[in-house]
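Here the structure is laid out as structure tokens; the discussion comes afterwards.
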Amino acid sequence: MKPVISALLGIFALTSAASAQDFRPSSAGEQANAEEAAPLASIIAEYEAMVSAVSPGERAEMEDRAPRRWPDVSRTRVAQLANHARLLKGRLAALGQPDSIDTKILDALLDELIMQDTFDTARIPFTGDWGFHAEPFFAASSLRLNTVEDAEAWIARLNDLPRYFDQNIHNMRRGLRTGWVSHTDPLETVMEQVAAQIVDHPEDSGLWAPFETLPPGLDGSTKEGLRAAGRKAVTRAVEATRRLQRFLEDEYAGQARPEPGIGSLPDGKAYYVAAIAHHTAGAGYTPEAIHALGEAEVARIRAEMHDVMEAVNYPGTFEEFLVFLRSDPQFYAKSPEDLLEKAALIAKRLDAILPAYFGKLPRLTYGVEPVPASIAPGYTTGRYSGGDPARGIPGTYLVNTYALDQRPLYELPALSAHEAVPGHHLQIALAQEMEDMPRFRRSYYATAFGEGWGLYAETLAGEAGIYRTPYEKFGALSYEMWRACRLVADTGMHWYGWSREEAEACFKENSALAPLNIQTEVTRYIGWPGQATAYKVGELKILELRARAKDALGEDFDIRAFHDVLLGAGSM
């Protein structure tokens, strides 16, 4: 899955005082060109100018430089963004082009900005395995300072971190006043991650790591000057992290909500309905329909699991088989290096199947890396981090090497197919290389499309023979069951008011997922309502489209052409 909590963290502004004019093309020439263009092109130009104005990362990428700030997440700025989004939605509707793909996607992006303002989602700025507190440390883990300018930009960004953390604290205090607060479990994970980031010496911080990558040929005095400034900046950042820790412990933790479901908060059920619509790309599901779909998928997958269990002649019950899979040493790596090597080998096997299933492949490569140690304990089992073709930065398939006895090897092929290829790397890198598409189309990520594709990629890997043993086939089914149980558990907690234990039961009783994985994942669903429903919804839609294409084309159906068409226009 994509390593971002939501567009919330990446699209907010650089300053706190602005008018709609700040979101229009910056130069007189750009403004004139936009006004002279076709009406839809004019709105797209204004939207992209807005994104550029408010997103430090987006602006830096467009200008081919490193960002120097973190987003502005103030309440005022969020409202300003939403107000301008409403204006653009009105202009978009007036065009009378509802069937245009550009129109539909742009409308969805504007709706997301409006939803963030309507429900003031910045009041809970973390999910459990991700949030504003982890963003700087994650950025540092892959950052290379190739030039003096890169180093100066990172120092400036570190010096801006106290402001960024303080704004998030201010937002959380507003949440305390208005009754919109995190559940205790995601908060506990965040507090552990924050505590791990507090060190006595700047060189021991993950934020210092980029300074170890300064070019060896750099002038000695220049290098030492940058390192000295970096020590001061890291020290300030660590002190800001200490302030965050004190706030969480002294003010916030005592008022965290006891119920896992967002429905217990003011307007919580209305927000959940909006969140499902957003993450499932407007597929039209109600929470009740999502829940029923999950129950049906659980029953179907469970039957296939029994077939695999019979194939290995296991003498015991299904429950005993799960205990065997979760505990037998043969299914677990002996060291972090062993796990990473096995993941890399599977990734290369997956690379080899691509030409048989895709006519067009991305130019960008990817690597396999461990999840940064500072966030690994509460982090998901694996994730993809997108690269940057323009700047020569590869994609990264991240594998969690924390708690090896909770990372079964029979799940690794399915995980690799989802996060690397033919999953997220292939999908996202191809979208980044769509040179004939507007910029917003290249970076758009519809959860149901993106995560549906990742889950479909696991099925595709099975069709290609990647799962070599019955246990790996069971692991793939266990991963599919994981996504089916998400439909049941997410709606159970946020709509029906289930306890955490009731939500965990589906995973424990029907999958071979490790206990730590179940715990981490349910914590994430508590902190990120609706997102978990997108995977199965998207996968089932892709399988439906494939079946329709095969029925319509018969012998002329070409799986490579189908995939090229499906991914050729980016996320939808």
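Chains: A, B, ... in order of the structure tokens. Residues: from 1 per chain. Ligands: from 1, in order shown.
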Residues of region 465-564 of chain A that approach region 189-196 of chain A to 12 Å or less, counting only C-alpha atoms: could you list each one with the shortest pair of atoms and its distance in Å to one decimal, rows by chain and increasing residue number, as JSON lines?
{"residue": "A:Gln519", "atom": "CA", "partner": "A:Thr189", "partner_atom": "CA", "distance": 10.8}
{"residue": "A:Thr520", "atom": "CA", "partner": "A:Thr189", "partner_atom": "CA", "distance": 8.8}
{"residue": "A:Glu521", "atom": "CA", "partner": "A:Thr189", "partner_atom": "CA", "distance": 11.6}
{"residue": "A:Val522", "atom": "CA", "partner": "A:Thr189", "partner_atom": "CA", "distance": 11.9}
{"residue": "A:Thr523", "atom": "CA", "partner": "A:Thr189", "partner_atom": "CA", "distance": 8.4}
{"residue": "A:Arg524", "atom": "CA", "partner": "A:Thr189", "partner_atom": "CA", "distance": 9.8}
{"residue": "A:Ile526", "atom": "CA", "partner": "A:Thr189", "partner_atom": "CA", "distance": 11.9}
{"residue": "A:Gly527", "atom": "CA", "partner": "A:Thr189", "partner_atom": "CA", "distance": 10.7}
Contacts of Val238 (chain A) at 12 Å (only C-alpha atoms; same-chain gap of 4+ positions) as a PyMOL selection string: chain A and resi 133+136-137+158-159+161-162+165+194-208+231-234+242-245
Got a sec to tell me which of region 97-150 of chain A DSSP assigns to alpha helix (DSSP H), as a PyMOL selection string? chain A and resi 101-118+135-141+148-150
Applying 8 Å and only C-alpha atoms, which residues near region 481-491 of chain A remain after dropping the ones on its own chain fewer than 5 positions away? List them as a list of chain:residue names. A:Pro287, A:Glu288, A:Ile290, A:His291, A:Ala292, A:Leu293, A:Gly294, A:Glu295, A:Glu297, A:Val298, A:Ile301, A:Arg302, A:Tyr496, A:Glu502, A:Ala503, A:Glu504, A:Cys506, A:Phe507, A:Asn510, A:Ser511, A:Leu513, A:Tyr525, A:Ile526, A:Pro529, A:Gly530, A:Ala532, A:Thr533, A:Tyr535, A:Lys536
Could you take the residues named above and write them with C-alpha atoms, as a JSON list (two decimals), in the first residue's frame?
[["chain", "number", "residue", "atom", "x", "y", "z"],
["A", 287, "PRO", "CA", -21.78, -0.10, 5.38],
["A", 288, "GLU", "CA", -24.37, -2.89, 5.58],
["A", 290, "ILE", "CA", -19.85, -3.97, 2.71],
["A", 291, "HIS", "CA", -20.38, -6.14, 5.78],
["A", 292, "ALA", "CA", -22.51, -8.69, 3.88],
["A", 293, "LEU", "CA", -19.96, -8.84, 1.05],
["A", 294, "GLY", "CA", -17.23, -9.58, 3.59],
["A", 295, "GLU", "CA", -19.17, -12.42, 5.17],
["A", 297, "GLU", "CA", -16.12, -13.78, 0.79],
["A", 298, "VAL", "CA", -15.02, -15.27, 4.11],
["A", 301, "ILE", "CA", -12.24, -18.47, 0.80],
["A", 302, "ARG", "CA", -12.60, -20.73, 3.83],
["A", 496, "TYR", "CA", -22.06, -1.72, 14.35],
["A", 502, "GLU", "CA", -14.98, -9.05, 18.10],
["A", 503, "ALA", "CA", -13.15, -7.51, 15.14],
["A", 504, "GLU", "CA", -10.05, -9.65, 15.68],
["A", 506, "CYS", "CA", -12.54, -13.05, 12.03],
["A", 507, "PHE", "CA", -8.78, -12.96, 11.41],
["A", 510, "ASN", "CA", -10.20, -17.86, 9.46],
["A", 511, "SER", "CA", -6.60, -16.92, 8.56],
["A", 513, "LEU", "CA", -2.02, -14.34, 10.05],
["A", 525, "TYR", "CA", -8.34, -0.07, 10.96],
["A", 526, "ILE", "CA", -9.35, 1.65, 14.20],
["A", 529, "PRO", "CA", -11.85, 4.22, 9.17],
["A", 530, "GLY", "CA", -13.04, 2.97, 5.78],
["A", 532, "ALA", "CA", -9.57, -1.24, 4.76],
["A", 533, "THR", "CA", -12.80, -1.75, 2.80],
["A", 535, "TYR", "CA", -9.04, -3.74, -1.19],
["A", 536, "LYS", "CA", -11.71, -6.38, -1.77]]
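Every residue of region 216-385 of chain A found in strand (DSSP E or B) when DSSP is run on the backbone appears here: Arg257, Tyr366, Gly367, Val368, Glu369, Pro370, Gly382, Arg383, Tyr384 and Ser385 of chain A.
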Write to file, as an mmCIF file, in the first residue's frame, the residues of the selection just made, with C-alpha atoms.
data_model
loop_
_atom_site.group_PDB
_atom_site.id
_atom_site.type_symbol
_atom_site.label_atom_id
_atom_site.label_comp_id
_atom_site.auth_asym_id
_atom_site.auth_seq_id
_atom_site.Cartn_x
_atom_site.Cartn_y
_atom_site.Cartn_z
ATOM 1 C CA ARG A 257 -11.776 7.268 23.539
ATOM 2 C CA TYR A 366 12.793 -0.852 -7.390
ATOM 3 C CA GLY A 367 14.780 -2.220 -4.467
ATOM 4 C CA VAL A 368 14.074 -4.258 -1.326
ATOM 5 C CA GLU A 369 14.778 -2.589 2.032
ATOM 6 C CA PRO A 370 13.825 -3.134 5.691
ATOM 7 C CA GLY A 382 5.251 -4.619 4.194
ATOM 8 C CA ARG A 383 4.681 -1.528 2.085
ATOM 9 C CA TYR A 384 5.694 0.112 -1.169
ATOM 10 C CA SER A 385 7.312 3.544 -1.264
#
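Proximity to Ala277 (chain A) was assessed for A:Glu61, A:Met115, A:Arg326, A:Glu337 counting only C-alpha atoms; the smallest distance is recorded for A:Met115.
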Just want the 12 Å neighbourhood of Phe321 (chain A), counted on only C-alpha atoms, with same-chain residues fewer than 3 positions away dropped. Output as a list in words. Met305, His306, Val308, Met309, Glu310, Val312, Asn313, Tyr314, Pro315, Gly316, Thr317, Phe318, Phe324, Leu325, Arg326, Ser327, Asp328, Tyr471, Phe474, Glu509, Asn510, Ser511 and Ala512 of chain A
If you keep N, CA and C atoms, can you produce a file of those selected residues as a PDB file, in the first residue's frame?
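This went into result06.pdb:
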ATOM      1  N   MET A 305      -9.533 -22.907   1.441  1.00  0.00           N
ATOM      2  CA  MET A 305      -8.485 -23.228   2.403  1.00  0.00           C
ATOM      3  C   MET A 305      -8.557 -24.694   2.834  1.00  0.00           C
ATOM      4  N   HIS A 306      -9.766 -25.192   3.031  1.00  0.00           N
ATOM      5  CA  HIS A 306      -9.925 -26.595   3.406  1.00  0.00           C
ATOM      6  C   HIS A 306      -9.399 -27.512   2.310  1.00  0.00           C
ATOM      7  N   VAL A 308      -6.837 -26.933   0.351  1.00  0.00           N
ATOM      8  CA  VAL A 308      -5.371 -26.954   0.462  1.00  0.00           C
ATOM      9  C   VAL A 308      -4.946 -27.802   1.650  1.00  0.00           C
ATOM     10  N   MET A 309      -5.656 -27.676   2.762  1.00  0.00           N
ATOM     11  CA  MET A 309      -5.323 -28.460   3.949  1.00  0.00           C
ATOM     12  C   MET A 309      -5.409 -29.957   3.648  1.00  0.00           C
ATOM     13  N   GLU A 310      -6.412 -30.353   2.874  1.00  0.00           N
ATOM     14  CA  GLU A 310      -6.542 -31.753   2.490  1.00  0.00           C
ATOM     15  C   GLU A 310      -5.412 -32.176   1.559  1.00  0.00           C
ATOM     16  N   VAL A 312      -2.323 -31.366   1.674  1.00  0.00           N
ATOM     17  CA  VAL A 312      -1.099 -31.684   2.419  1.00  0.00           C
ATOM     18  C   VAL A 312      -1.329 -32.809   3.426  1.00  0.00           C
ATOM     19  N   ASN A 313      -2.546 -33.370   3.396  1.00  0.00           N
ATOM     20  CA  ASN A 313      -2.892 -34.502   4.269  1.00  0.00           C
ATOM     21  C   ASN A 313      -2.707 -34.177   5.747  1.00  0.00           C
ATOM     22  N   TYR A 314      -3.081 -32.971   6.121  1.00  0.00           N
ATOM     23  CA  TYR A 314      -2.970 -32.623   7.541  1.00  0.00           C
ATOM     24  C   TYR A 314      -4.029 -33.388   8.322  1.00  0.00           C
ATOM     25  N   PRO A 315      -3.628 -34.074   9.411  1.00  0.00           N
ATOM     26  CA  PRO A 315      -4.564 -34.972  10.102  1.00  0.00           C
ATOM     27  C   PRO A 315      -5.523 -34.282  11.072  1.00  0.00           C
ATOM     28  N   GLY A 316      -5.238 -33.052  11.450  1.00  0.00           N
ATOM     29  CA  GLY A 316      -6.031 -32.405  12.483  1.00  0.00           C
ATOM     30  C   GLY A 316      -7.131 -31.508  11.942  1.00  0.00           C
ATOM     31  N   THR A 317      -7.641 -30.661  12.826  1.00  0.00           N
ATOM     32  CA  THR A 317      -8.717 -29.734  12.478  1.00  0.00           C
ATOM     33  C   THR A 317      -8.151 -28.486  11.817  1.00  0.00           C
ATOM     34  N   PHE A 318      -9.044 -27.671  11.278  1.00  0.00           N
ATOM     35  CA  PHE A 318      -8.628 -26.398  10.675  1.00  0.00           C
ATOM     36  C   PHE A 318      -7.947 -25.525  11.716  1.00  0.00           C
ATOM     37  N   PHE A 324      -0.374 -24.850  13.789  1.00  0.00           N
ATOM     38  CA  PHE A 324       0.827 -25.420  13.165  1.00  0.00           C
ATOM     39  C   PHE A 324       1.529 -24.393  12.286  1.00  0.00           C
ATOM     40  N   LEU A 325       0.782 -23.692  11.444  1.00  0.00           N
ATOM     41  CA  LEU A 325       1.366 -22.694  10.534  1.00  0.00           C
ATOM     42  C   LEU A 325       1.965 -21.521  11.301  1.00  0.00           C
ATOM     43  N   ARG A 326       1.348 -21.156  12.393  1.00  0.00           N
ATOM     44  CA  ARG A 326       1.813 -19.999  13.160  1.00  0.00           C
ATOM     45  C   ARG A 326       3.007 -20.305  14.054  1.00  0.00           C
ATOM     46  N   SER A 327       3.293 -21.577  14.273  1.00  0.00           N
ATOM     47  CA  SER A 327       4.295 -21.912  15.283  1.00  0.00           C
ATOM     48  C   SER A 327       5.472 -22.755  14.794  1.00  0.00           C
ATOM     49  N   ASP A 328       5.345 -23.464  13.685  1.00  0.00           N
ATOM     50  CA  ASP A 328       6.422 -24.356  13.258  1.00  0.00           C
ATOM     51  C   ASP A 328       7.621 -23.548  12.754  1.00  0.00           C
ATOM     52  N   TYR A 471       1.710 -24.716   0.994  1.00  0.00           N
ATOM     53  CA  TYR A 471       1.732 -23.753   2.095  1.00  0.00           C
ATOM     54  C   TYR A 471       1.741 -22.315   1.567  1.00  0.00           C
ATOM     55  N   PHE A 474      -1.681 -21.614   0.479  1.00  0.00           N
ATOM     56  CA  PHE A 474      -2.503 -21.312   1.646  1.00  0.00           C
ATOM     57  C   PHE A 474      -2.188 -19.902   2.148  1.00  0.00           C
ATOM     58  N   GLU A 509      -9.805 -16.708  13.511  1.00  0.00           N
ATOM     59  CA  GLU A 509     -10.521 -17.954  13.254  1.00  0.00           C
ATOM     60  C   GLU A 509     -10.434 -18.420  11.802  1.00  0.00           C
ATOM     61  N   ASN A 510     -10.105 -17.515  10.890  1.00  0.00           N
ATOM     62  CA  ASN A 510     -10.198 -17.858   9.464  1.00  0.00           C
ATOM     63  C   ASN A 510      -8.904 -17.688   8.683  1.00  0.00           C
ATOM     64  N   SER A 511      -7.848 -17.147   9.286  1.00  0.00           N
ATOM     65  CA  SER A 511      -6.597 -16.922   8.561  1.00  0.00           C
ATOM     66  C   SER A 511      -5.425 -17.435   9.373  1.00  0.00           C
ATOM     67  N   ALA A 512      -4.271 -17.549   8.695  1.00  0.00           N
ATOM     68  CA  ALA A 512      -3.037 -17.942   9.373  1.00  0.00           C
ATOM     69  C   ALA A 512      -2.199 -16.732   9.746  1.00  0.00           C
TER      70      ALA A 512
END
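Ranking A:Leu540, A:Ala229, A:Ala417, A:Met437 by their shortest atom-to-atom distance to Ala476 (chain A), with only C-alpha atoms included, puts A:Ala417 first.
Here CA of Arg441 (chain A) stands at a distance of 21.0 Å from CA of Thr365 (chain A).
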A:Ala281, A:Ile559, A:Leu109, A:Ala403: which is nearest Ala547 (chain A), counting only C-alpha atoms? A:Ile559
Counting only C-alpha atoms, figure out which residue out of A:Lys360, A:His563, A:Arg173, A:Arg246 gets nearest to Ala429 (chain A). A:Lys360
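Of the residues listed (A:Gly538, A:Gly57, A:Gly179, A:Pro355), A:Gly179 shows the shortest atom-to-atom separation from Gln255 (chain A); distances use only C-alpha atoms.
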Would you kindly return, as a VMD selection string, each protein, DNA or RNA residue with an atom no farther than 12 Å from any atom of Thr469 (chain A), considering only C-alpha atoms and excluding same-chain residues fewer than 3 positions away? chain A and resid 308 to 309 311 to 312 331 409 to 411 413 462 465 to 466 472 to 476
Next, dump the selected residues to file, keeping only N, CA and C atoms, as an mmCIF file, in the first residue's frame.
data_model
loop_
_atom_site.group_PDB
_atom_site.id
_atom_site.type_symbol
_atom_site.label_atom_id
_atom_site.label_comp_id
_atom_site.auth_asym_id
_atom_site.auth_seq_id
_atom_site.Cartn_x
_atom_site.Cartn_y
_atom_site.Cartn_z
ATOM 1 N N VAL A 308 -6.837 -26.933 0.351
ATOM 2 C CA VAL A 308 -5.371 -26.954 0.462
ATOM 3 C C VAL A 308 -4.946 -27.802 1.650
ATOM 4 N N MET A 309 -5.656 -27.676 2.762
ATOM 5 C CA MET A 309 -5.323 -28.460 3.949
ATOM 6 C C MET A 309 -5.409 -29.957 3.648
ATOM 7 N N ALA A 311 -4.934 -31.240 0.732
ATOM 8 C CA ALA A 311 -3.872 -31.572 -0.225
ATOM 9 C C ALA A 311 -2.560 -31.922 0.480
ATOM 10 N N VAL A 312 -2.323 -31.366 1.674
ATOM 11 C CA VAL A 312 -1.099 -31.684 2.419
ATOM 12 C C VAL A 312 -1.329 -32.809 3.426
ATOM 13 N N PHE A 331 8.708 -22.360 8.996
ATOM 14 C CA PHE A 331 8.030 -21.316 8.237
ATOM 15 C C PHE A 331 8.572 -19.916 8.536
ATOM 16 N N LEU A 409 7.078 -17.196 6.239
ATOM 17 C CA LEU A 409 7.606 -17.187 4.880
ATOM 18 C C LEU A 409 6.566 -17.612 3.851
ATOM 19 N N TYR A 410 5.560 -18.396 4.248
ATOM 20 C CA TYR A 410 4.553 -18.822 3.272
ATOM 21 C C TYR A 410 3.682 -17.656 2.810
ATOM 22 N N GLU A 411 3.725 -16.510 3.516
ATOM 23 C CA GLU A 411 2.995 -15.320 3.086
ATOM 24 C C GLU A 411 3.836 -14.402 2.204
ATOM 25 N N PRO A 413 5.540 -14.643 -0.715
ATOM 26 C CA PRO A 413 5.281 -14.460 -2.153
ATOM 27 C C PRO A 413 4.080 -13.554 -2.428
ATOM 28 N N GLY A 462 -0.428 -16.149 -8.485
ATOM 29 C CA GLY A 462 -0.822 -17.552 -8.393
ATOM 30 C C GLY A 462 -1.021 -18.166 -9.761
ATOM 31 N N GLY A 465 2.196 -19.219 -11.342
ATOM 32 C CA GLY A 465 2.965 -20.291 -10.728
ATOM 33 C C GLY A 465 3.967 -19.848 -9.686
ATOM 34 N N ILE A 466 3.821 -18.652 -9.146
ATOM 35 C CA ILE A 466 4.759 -18.153 -8.142
ATOM 36 C C ILE A 466 4.631 -18.913 -6.826
ATOM 37 N N GLU A 472 2.486 -22.086 0.474
ATOM 38 C CA GLU A 472 2.465 -20.749 -0.126
ATOM 39 C C GLU A 472 1.097 -20.444 -0.736
ATOM 40 N N LYS A 473 0.446 -21.452 -1.284
ATOM 41 C CA LYS A 473 -0.917 -21.251 -1.794
ATOM 42 C C LYS A 473 -1.859 -20.921 -0.640
ATOM 43 N N PHE A 474 -1.681 -21.614 0.479
ATOM 44 C CA PHE A 474 -2.503 -21.312 1.646
ATOM 45 C C PHE A 474 -2.188 -19.902 2.148
ATOM 46 N N GLY A 475 -0.911 -19.519 2.098
ATOM 47 C CA GLY A 475 -0.538 -18.170 2.506
ATOM 48 C C GLY A 475 -1.224 -17.115 1.664
ATOM 49 N N ALA A 476 -1.329 -17.370 0.345
ATOM 50 C CA ALA A 476 -2.024 -16.437 -0.536
ATOM 51 C C ALA A 476 -3.511 -16.374 -0.190
#
Judged by only C-alpha atoms, the minimum distance to Asp102 (chain A) among A:Thr184, A:Ile44, A:Leu265, A:Thr147 is found for A:Ile44
Could you pull the residues within 7 Å of region 85-101 of chain A, counting only C-alpha atoms, minus those fewer than 3 positions along the same chain, as a list of chain:residue names? A:Ile43, A:Leu81, A:Ala82, A:Lys104, A:Ile105, A:Asp107, A:Leu110, A:Leu113, A:Ile114
Could you name the residues that touch Ala139 (chain A) at 12 Å or less, counting only C-alpha atoms, but leaving out those on the same chain fewer than 4 positions away, as number ranges by chain? A: 3-4, 57, 66-67, 70, 132-135, 143-144, 154, 157-158, 206-210, 371-372, 385-386
Between CA of Phe449 (chain A) and CA of Lys348 (chain A) - distance in Å to one decimal: 24.8 Å
